[in-house]
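For reference, query-v7.pdb is printed below; it contains PDB, C-alpha atoms and all ligand atoms.
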ATOM      1  CA  MET K  64      59.765  17.779 -43.938
ATOM      2  CA  GLU K  65      58.105  16.327 -46.984
ATOM      3  CA  LEU K  66      59.986  16.327 -50.271
ATOM      4  CA  ILE K  67      57.540  18.643 -52.011
ATOM      5  CA  GLY K  68      57.697  21.137 -49.156
ATOM      6  CA  ARG K  69      61.465  21.273 -49.377
ATOM      7  CA  MET K  70      61.255  21.878 -53.103
ATOM      8  CA  LEU K  71      58.646  24.587 -52.642
ATOM      9  CA  ASP K  72      60.628  26.444 -49.998
ATOM     10  CA  GLY K  73      63.808  26.027 -52.029
ATOM     11  CA  SER K  74      65.717  24.111 -49.350
ATOM     12  CA  ILE K  75      66.445  21.337 -51.855
ATOM     13  CA  ALA K  76      66.910  21.597 -55.565
ATOM     14  CA  TYR K  77      64.825  19.640 -58.015
ATOM     15  CA  ASP K  78      66.414  16.211 -58.475
ATOM     16  CA  PRO K  79      65.422  14.442 -61.688
ATOM     17  CA  GLN K  80      66.210  11.082 -60.011
ATOM     18  CA  GLY K  81      64.084  11.966 -57.007
ATOM     19  CA  GLY K  82      60.774  11.121 -58.619
ATOM     20  CA  LEU K  83      58.865  14.346 -58.116
ATOM     21  CA  GLU K  84      58.970  16.709 -61.059
ATOM     22  CA  PRO K  85      57.703  20.224 -61.530
ATOM     23  CA  SER K  86      55.088  19.647 -64.205
ATOM     24  CA  SER K  87      56.849  19.318 -67.553
ATOM     25  CA  SER K  88      54.054  20.889 -69.571
ATOM     26  CA  GLY K  89      54.108  23.887 -67.199
ATOM     27  CA  LEU K  90      50.400  24.682 -67.108
ATOM     28  CA  ARG K  91      49.760  28.273 -68.133
ATOM     29  CA  GLN K  92      47.858  30.505 -65.697
ATOM     30  CA  ASP K  93      44.749  30.388 -67.921
ATOM     31  CA  ASP K  94      44.884  26.582 -68.163
ATOM     32  CA  LYS K  95      45.257  26.344 -64.387
ATOM     33  CA  MET K  96      42.212  28.562 -63.965
ATOM     34  CA  ASP K  97      40.183  26.468 -66.403
ATOM     35  CA  ARG K  98      41.068  23.360 -64.403
ATOM     36  CA  LEU K  99      40.325  25.050 -61.077
ATOM     37  CA  GLU K 100      36.920  26.183 -62.328
ATOM     38  CA  GLU K 101      35.899  22.526 -62.749
ATOM     39  CA  VAL K 102      36.803  21.608 -59.163
ATOM     40  CA  PRO K 103      33.878  21.469 -56.698
ATOM     41  CA  LEU K 104      36.099  22.872 -53.919
ATOM     42  CA  PHE K 105      36.400  26.144 -55.815
ATOM     43  CA  GLN K 106      32.754  26.451 -56.814
ATOM     44  CA  GLY K 107      31.507  29.910 -56.021
ATOM     45  CA  CYS K 108      34.938  31.508 -56.429
ATOM     46  CA  SER K 109      35.116  34.598 -58.607
ATOM     47  CA  ARG K 110      37.532  34.763 -61.563
ATOM     48  CA  ARG K 111      39.683  37.101 -59.473
ATOM     49  CA  GLN K 112      39.825  34.583 -56.617
ATOM     50  CA  LEU K 113      40.639  31.738 -59.010
ATOM     51  CA  ARG K 114      43.429  33.821 -60.506
ATOM     52  CA  HIS K 115      44.841  34.211 -56.999
ATOM     53  CA  VAL K 116      44.662  30.441 -56.420
ATOM     54  CA  ALA K 117      46.316  29.764 -59.790
ATOM     55  CA  ARG K 118      49.140  32.146 -58.863
ATOM     56  CA  ILE K 119      49.965  30.521 -55.530
ATOM     57  CA  ALA K 120      49.498  26.864 -56.555
ATOM     58  CA  GLU K 121      52.495  24.991 -57.984
ATOM     59  CA  THR K 122      51.987  22.111 -60.422
ATOM     60  CA  PHE K 123      53.896  18.864 -59.847
ATOM     61  CA  ASP K 124      54.019  15.468 -61.539
ATOM     62  CA  ALA K 125      54.291  12.447 -59.237
ATOM     63  CA  PRO K 126      55.122   8.975 -60.562
ATOM     64  CA  THR K 127      53.127   5.867 -59.675
ATOM     65  CA  GLY K 128      53.951   4.637 -56.172
ATOM     66  CA  MET K 129      55.238   7.922 -54.832
ATOM     67  CA  THR K 130      54.255   8.705 -51.223
ATOM     68  CA  LEU K 131      52.852  12.229 -51.018
ATOM     69  CA  ALA K 132      51.934  12.210 -47.327
ATOM     70  CA  ARG K 133      52.913   9.777 -44.573
ATOM     71  CA  THR K 134      50.966   8.994 -41.410
ATOM     72  CA  GLY K 135      52.481  10.647 -38.343
ATOM     73  CA  GLU K 136      54.757  13.026 -40.225
ATOM     74  CA  PRO K 137      54.299  16.782 -40.154
ATOM     75  CA  GLY K 138      52.392  18.076 -43.158
ATOM     76  CA  ASN K 139      52.738  21.497 -44.700
ATOM     77  CA  GLN K 140      51.062  21.195 -48.082
ATOM     78  CA  PHE K 141      47.567  20.975 -49.470
ATOM     79  CA  PHE K 142      47.165  18.870 -52.636
ATOM     80  CA  LEU K 143      44.549  19.068 -55.350
ATOM     81  CA  ILE K 144      44.488  16.231 -57.884
ATOM     82  CA  LEU K 145      44.446  17.406 -61.509
ATOM     83  CA  ASP K 146      45.174  14.042 -63.164
ATOM     84  CA  GLY K 147      45.566  10.466 -61.963
ATOM     85  CA  SER K 148      44.485   8.866 -58.726
ATOM     86  CA  ALA K 149      45.759   8.418 -55.182
ATOM     87  CA  ARG K 150      45.230   5.772 -52.525
ATOM     88  CA  VAL K 151      44.663   6.949 -48.975
ATOM     89  CA  ASP K 152      45.799   4.339 -46.444
ATOM     90  CA  VAL K 153      43.707   5.354 -43.462
ATOM     91  CA  SER K 154      44.596   2.073 -41.695
ATOM     92  CA  PRO K 155      45.834  -1.334 -42.857
ATOM     93  CA  GLN K 156      42.167  -2.361 -43.270
ATOM     94  CA  LYS K 157      40.804   0.870 -44.641
ATOM     95  CA  GLN K 158      41.723   2.514 -47.904
ATOM     96  CA  ARG K 159      40.087   5.279 -49.893
ATOM     97  CA  HIS K 160      40.689   6.332 -53.472
ATOM     98  CA  LEU K 161      40.914   9.922 -54.642
ATOM     99  CA  HIS K 162      40.472  11.145 -58.214
ATOM    100  CA  PRO K 163      40.783  14.342 -60.262
ATOM    101  CA  GLY K 164      39.004  17.185 -58.471
ATOM    102  CA  ASP K 165      39.574  15.559 -55.057
ATOM    103  CA  PHE K 166      41.989  17.033 -52.546
ATOM    104  CA  PHE K 167      44.023  15.845 -49.581
ATOM    105  CA  GLY K 168      46.391  17.188 -46.941
ATOM    106  CA  GLU K 169      43.882  19.706 -45.596
ATOM    107  CA  MET K 170      43.633  18.114 -42.133
ATOM    108  CA  SER K 171      47.199  18.802 -40.978
ATOM    109  CA  LEU K 172      46.953  22.336 -42.304
ATOM    110  CA  LEU K 173      43.710  22.955 -40.439
ATOM    111  CA  ASP K 174      44.565  21.431 -37.040
ATOM    112  CA  GLY K 175      48.387  21.495 -37.054
ATOM    113  CA  GLU K 176      48.537  17.780 -36.180
ATOM    114  CA  PRO K 177      50.652  15.213 -38.077
ATOM    115  CA  ARG K 178      49.314  13.549 -41.221
ATOM    116  CA  SER K 179      46.316  11.349 -40.393
ATOM    117  CA  ALA K 180      46.904   8.908 -43.256
ATOM    118  CA  THR K 181      49.444   7.890 -45.881
ATOM    119  CA  VAL K 182      48.673   9.015 -49.420
ATOM    120  CA  VAL K 183      50.317   7.214 -52.352
ATOM    121  CA  ALA K 184      50.110   7.920 -56.084
ATOM    122  CA  GLU K 185      48.165   4.993 -57.525
ATOM    123  CA  THR K 186      48.901   6.114 -61.078
ATOM    124  CA  ALA K 187      51.099   8.842 -62.485
ATOM    125  CA  MET K 188      49.613  12.032 -61.087
ATOM    126  CA  ARG K 189      49.571  15.742 -61.693
ATOM    127  CA  VAL K 190      48.825  17.741 -58.562
ATOM    128  CA  LEU K 191      48.476  21.369 -57.592
ATOM    129  CA  VAL K 192      50.265  22.050 -54.318
ATOM    130  CA  ILE K 193      49.556  24.947 -51.983
ATOM    131  CA  SER K 194      51.887  25.639 -49.060
ATOM    132  CA  ARG K 195      50.644  26.071 -45.475
ATOM    133  CA  ARG K 196      51.183  29.825 -45.472
ATOM    134  CA  ASN K 197      49.374  30.374 -48.767
ATOM    135  CA  PHE K 198      46.590  28.014 -47.719
ATOM    136  CA  ALA K 199      45.930  30.067 -44.573
ATOM    137  CA  THR K 200      45.884  33.302 -46.590
ATOM    138  CA  LEU K 201      43.544  31.737 -49.122
ATOM    139  CA  LEU K 202      41.035  30.649 -46.474
ATOM    140  CA  GLY K 203      41.008  34.192 -45.133
ATOM    141  CA  GLU K 204      40.439  35.700 -48.560
ATOM    142  CA  VAL K 205      37.907  33.217 -49.940
ATOM    143  CA  PRO K 206      35.288  32.527 -47.241
ATOM    144  CA  GLY K 207      33.306  30.110 -49.460
ATOM    145  CA  LEU K 208      36.324  27.817 -49.538
ATOM    146  CA  THR K 209      36.062  26.974 -45.837
ATOM    147  CA  GLN K 210      32.437  26.014 -46.340
ATOM    148  CA  ASN K 211      33.315  23.758 -49.294
ATOM    149  CA  LEU K 212      36.124  22.165 -47.252
ATOM    150  CA  LEU K 213      33.706  21.501 -44.404
ATOM    151  CA  VAL K 214      31.323  19.682 -46.754
ATOM    152  CA  THR K 215      34.089  17.245 -47.736
ATOM    153  CA  LEU K 216      35.290  16.857 -44.146
ATOM    154  CA  SER K 217      31.726  16.063 -43.022
ATOM    155  CA  LYS K 218      31.424  13.433 -45.764
ATOM    156  CA  ARG K 219      34.709  11.861 -44.648
ATOM    157  CA  VAL K 220      33.547  11.716 -41.007
ATOM    158  CA  ARG K 221      30.247  10.105 -42.061
ATOM    159  CA  GLN K 222      32.093   7.525 -44.174
ATOM    160  CA  ALA K 223      34.483   6.771 -41.301
ATOM    161  CA  GLU K 224      31.601   6.322 -38.850
ATOM    162  CA  ALA K 225      29.679   4.130 -41.290
ATOM    163  CA  ALA K 226      32.791   1.981 -41.744
ATOM    164  CA  LEU K 227      33.110   1.590 -37.950
ATOM    165  CA  GLU K 228      29.520   0.362 -37.694
ATOM    166  CA  ARG K 229      30.040  -2.270 -40.399
TER     167      ARG K 229
HETATM  168  P1  LIG B   1      46.207  15.029 -43.685
HETATM  169  O1  LIG B   1      45.922  14.396 -42.361
HETATM  170  O2  LIG B   1      46.828  16.353 -43.692
HETATM  171  O3  LIG B   1      47.104  14.030 -44.550
HETATM  172  C1  LIG B   1      46.532  12.788 -44.947
HETATM  173  C2  LIG B   1      45.270  13.097 -45.715
HETATM  174  O4  LIG B   1      44.515  11.982 -46.118
HETATM  175  C3  LIG B   1      44.287  13.870 -44.819
HETATM  176  O5  LIG B   1      44.837  15.124 -44.525
HETATM  177  C4  LIG B   1      43.068  13.853 -45.685
HETATM  178  O6  LIG B   1      43.171  14.784 -46.736
HETATM  179  C5  LIG B   1      43.172  12.446 -46.282
HETATM  180  N1  LIG B   1      42.293  11.535 -45.520
HETATM  181  C6  LIG B   1      42.388  11.136 -44.241
HETATM  182  N2  LIG B   1      41.379  10.309 -43.919
HETATM  183  C7  LIG B   1      40.623  10.190 -45.014
HETATM  184  C8  LIG B   1      39.425   9.462 -45.348
HETATM  185  N3  LIG B   1      38.816   8.691 -44.435
HETATM  186  N4  LIG B   1      38.922   9.589 -46.585
HETATM  187  C9  LIG B   1      39.544  10.352 -47.526
HETATM  188  N5  LIG B   1      40.674  11.049 -47.280
HETATM  189  C10 LIG B   1      41.200  10.971 -46.063
END
Show this structure as structure tokens.
Ligand code: CMP
Amino acid sequence: MELIGRMLDGSIAYDPQGGLEPSSSGLRQDDKMDRLEEVPLFQGCSRRQLRHVARIAETFDAPTGMTLARTGEPGNQFFLILDGSARVDVSPQKQRHLHPGDFFGEMSLLDGEPRSATVVAETAMRVLVISRRNFATLLGEVPGLTQNLLVTLSKRVRQAEAALER
């Protein structure tokens, strides 16, 4: 299981040498909501729905170089980038870059398959992490979210197909 998952479910304690840190500035609920409001994924959500998201999402700081998801491994978390950037290693030849407001980790949560790519922190990052169980509940409670997720997934498929044709 991924490091963050084990921290979220309490099966390992936070290890200051381990690299991943619960966000030191401890974003307040209101600050989290302000950040979430700016994210395209959550466009159309009511304040009440955003409050729910802010409650279930944990904030973590990841240092440069940290692997947040690894190809072929089981994945149980959804990540939303608040600060910093990540590199997605789709294959040795194909990399993508994700920035604040982008998300990753949704594929394994949606289809139950292992991680499709490796995701590495390209800079120091702050991420919001939502566990599998909370993610499923959220999709049930906020129907617009599925639609917004599908828009991004469609874009990723188009990009992948365009890259194959090149
Ligand atoms: P998941 O498969 O759970 O874990 C790896 C993540 O990398 C994947 O979810 C997506 O969020 C992301 N990912 C995979 N392929 C691409 C791509 N072509 N472009 C951007 N992100 C991707």
*Dump the neighbourhood of ligand LIG 1 (chain B) as a PyMOL selection string: all residues within 6 Å, distances computed on only C-alpha atoms and all ligand atoms.*
chain K and resi 132+138+151+153+159+167-171+178-181+219+223
*Take CA of Glu228 in chain K and CA of Arg133 in chain K and report the distance between them in Å, one decimal.*
26.1 Å
Please report, as lines of an AutoDock Vina configuration file, the centre and edge lengths in Å to one decimal of an axis-aligned box covering all listed atoms of range 124-142 of chain K with 3 Å per side.
center_x = 51.2
center_y = 13.1
center_z = -49.9
size_x = 14.1
size_y = 22.9
size_z = 29.2
*Just how far from CA of Asp174 in chain K is CA of Ala125 in chain K, in Å to one decimal?*
25.8 Å
*asked:* Excluding Thr122 in chain K and its own-chain neighbours fewer than 2 positions away, which residues fall within 7 Å of it when counting all atoms listed in the file? Please give them as a VMD selection string.
replied: chain K and resid 85 to 86 120 189 to 192
_Atomic distance CA of Lys95 in chain K - CA of Asp152 in chain K, expressed in Å with one decimal_ =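 CA of Lys95 in chain K sits 28.4 Å away from CA of Asp152 in chain K.
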*In file coordinates, which residues lie within 12 Å of (33.7, 20.8, -47.9) using only C-alpha atoms, given as number ranges by chain?*
K: 102-106, 165-167, 169-170, 206-220
*asked:* If the PyMOL selection byres (((chain K and resi 188) around 8) and not hetatm) were run on this exact file, what residues would it hold? Put them as a ChimeraX atom specification.
replied: /K:124-127,144-149,184,186-187,189-190
*Do you know which residues are at most 10 Å from Arg114 in chain K counting all atoms listed in the file, after dropping those on the same chain fewer than 2 positions away, and could you put them as a VMD selection string?*
chain K and resid 92 to 93 95 to 97 99 108 to 112 116 to 119
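Minimum atom-to-atom distance to His160 in chain K, evaluated using all atoms listed in the file, belongs to K:Val183 out of K:Val205, K:Phe123, K:Val183, K:Pro137.
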Once N, CA, C and O atoms are restored for range 121-136 of chain K, what would the output be as an mmCIF file, in the frame of the given file?
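The resulting part.cif:
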data_model
loop_
_atom_site.group_PDB
_atom_site.id
_atom_site.type_symbol
_atom_site.label_atom_id
_atom_site.label_comp_id
_atom_site.auth_asym_id
_atom_site.auth_seq_id
_atom_site.Cartn_x
_atom_site.Cartn_y
_atom_site.Cartn_z
ATOM 1 N N GLU K 121 51.432 25.517 -57.105
ATOM 2 C CA GLU K 121 52.495 24.991 -57.984
ATOM 3 C C GLU K 121 52.031 23.646 -58.548
ATOM 4 O O GLU K 121 51.420 22.860 -57.832
ATOM 5 N N THR K 122 52.373 23.386 -59.806
ATOM 6 C CA THR K 122 51.987 22.111 -60.422
ATOM 7 C C THR K 122 53.151 21.128 -60.362
ATOM 8 O O THR K 122 54.281 21.487 -60.700
ATOM 9 N N PHE K 123 52.865 19.903 -59.904
ATOM 10 C CA PHE K 123 53.896 18.864 -59.847
ATOM 11 C C PHE K 123 53.394 17.581 -60.478
ATOM 12 O O PHE K 123 52.204 17.288 -60.431
ATOM 13 N N ASP K 124 54.335 16.812 -61.055
ATOM 14 C CA ASP K 124 54.019 15.468 -61.539
ATOM 15 C C ASP K 124 54.606 14.473 -60.549
ATOM 16 O O ASP K 124 55.767 14.612 -60.135
ATOM 17 N N ALA K 125 53.815 13.494 -60.162
ATOM 18 C CA ALA K 125 54.291 12.447 -59.237
ATOM 19 C C ALA K 125 54.154 11.097 -59.932
ATOM 20 O O ALA K 125 53.102 10.807 -60.507
ATOM 21 N N PRO K 126 55.209 10.283 -59.910
ATOM 22 C CA PRO K 126 55.122 8.975 -60.562
ATOM 23 C C PRO K 126 54.317 7.984 -59.717
ATOM 24 O O PRO K 126 54.169 8.169 -58.507
ATOM 25 N N THR K 127 53.852 6.934 -60.371
ATOM 26 C CA THR K 127 53.127 5.867 -59.675
ATOM 27 C C THR K 127 53.946 5.374 -58.481
ATOM 28 O O THR K 127 55.157 5.165 -58.597
ATOM 29 N N GLY K 128 53.293 5.208 -57.354
ATOM 30 C CA GLY K 128 53.951 4.637 -56.172
ATOM 31 C C GLY K 128 54.563 5.679 -55.258
ATOM 32 O O GLY K 128 54.990 5.349 -54.140
ATOM 33 N N MET K 129 54.618 6.909 -55.683
ATOM 34 C CA MET K 129 55.238 7.922 -54.832
ATOM 35 C C MET K 129 54.346 8.248 -53.617
ATOM 36 O O MET K 129 53.143 8.395 -53.743
ATOM 37 N N THR K 130 54.976 8.337 -52.437
ATOM 38 C CA THR K 130 54.255 8.705 -51.223
ATOM 39 C C THR K 130 54.222 10.224 -51.110
ATOM 40 O O THR K 130 55.265 10.870 -51.087
ATOM 41 N N LEU K 131 53.003 10.768 -51.057
ATOM 42 C CA LEU K 131 52.852 12.229 -51.018
ATOM 43 C C LEU K 131 52.602 12.732 -49.610
ATOM 44 O O LEU K 131 52.819 13.909 -49.317
ATOM 45 N N ALA K 132 52.110 11.861 -48.750
ATOM 46 C CA ALA K 132 51.934 12.210 -47.327
ATOM 47 C C ALA K 132 52.093 10.903 -46.552
ATOM 48 O O ALA K 132 51.745 9.841 -47.065
ATOM 49 N N ARG K 133 52.667 11.006 -45.343
ATOM 50 C CA ARG K 133 52.913 9.777 -44.573
ATOM 51 C C ARG K 133 52.346 9.944 -43.160
ATOM 52 O O ARG K 133 52.619 10.962 -42.507
ATOM 53 N N THR K 134 51.578 8.958 -42.735
ATOM 54 C CA THR K 134 50.966 8.994 -41.410
ATOM 55 C C THR K 134 51.992 9.355 -40.338
ATOM 56 O O THR K 134 53.078 8.787 -40.305
ATOM 57 N N GLY K 135 51.631 10.306 -39.485
ATOM 58 C CA GLY K 135 52.481 10.647 -38.343
ATOM 59 C C GLY K 135 53.520 11.711 -38.621
ATOM 60 O O GLY K 135 54.110 12.256 -37.691
ATOM 61 N N GLU K 136 53.744 11.999 -39.904
ATOM 62 C CA GLU K 136 54.757 13.026 -40.225
ATOM 63 C C GLU K 136 54.096 14.406 -40.283
ATOM 64 O O GLU K 136 52.898 14.510 -40.567
#
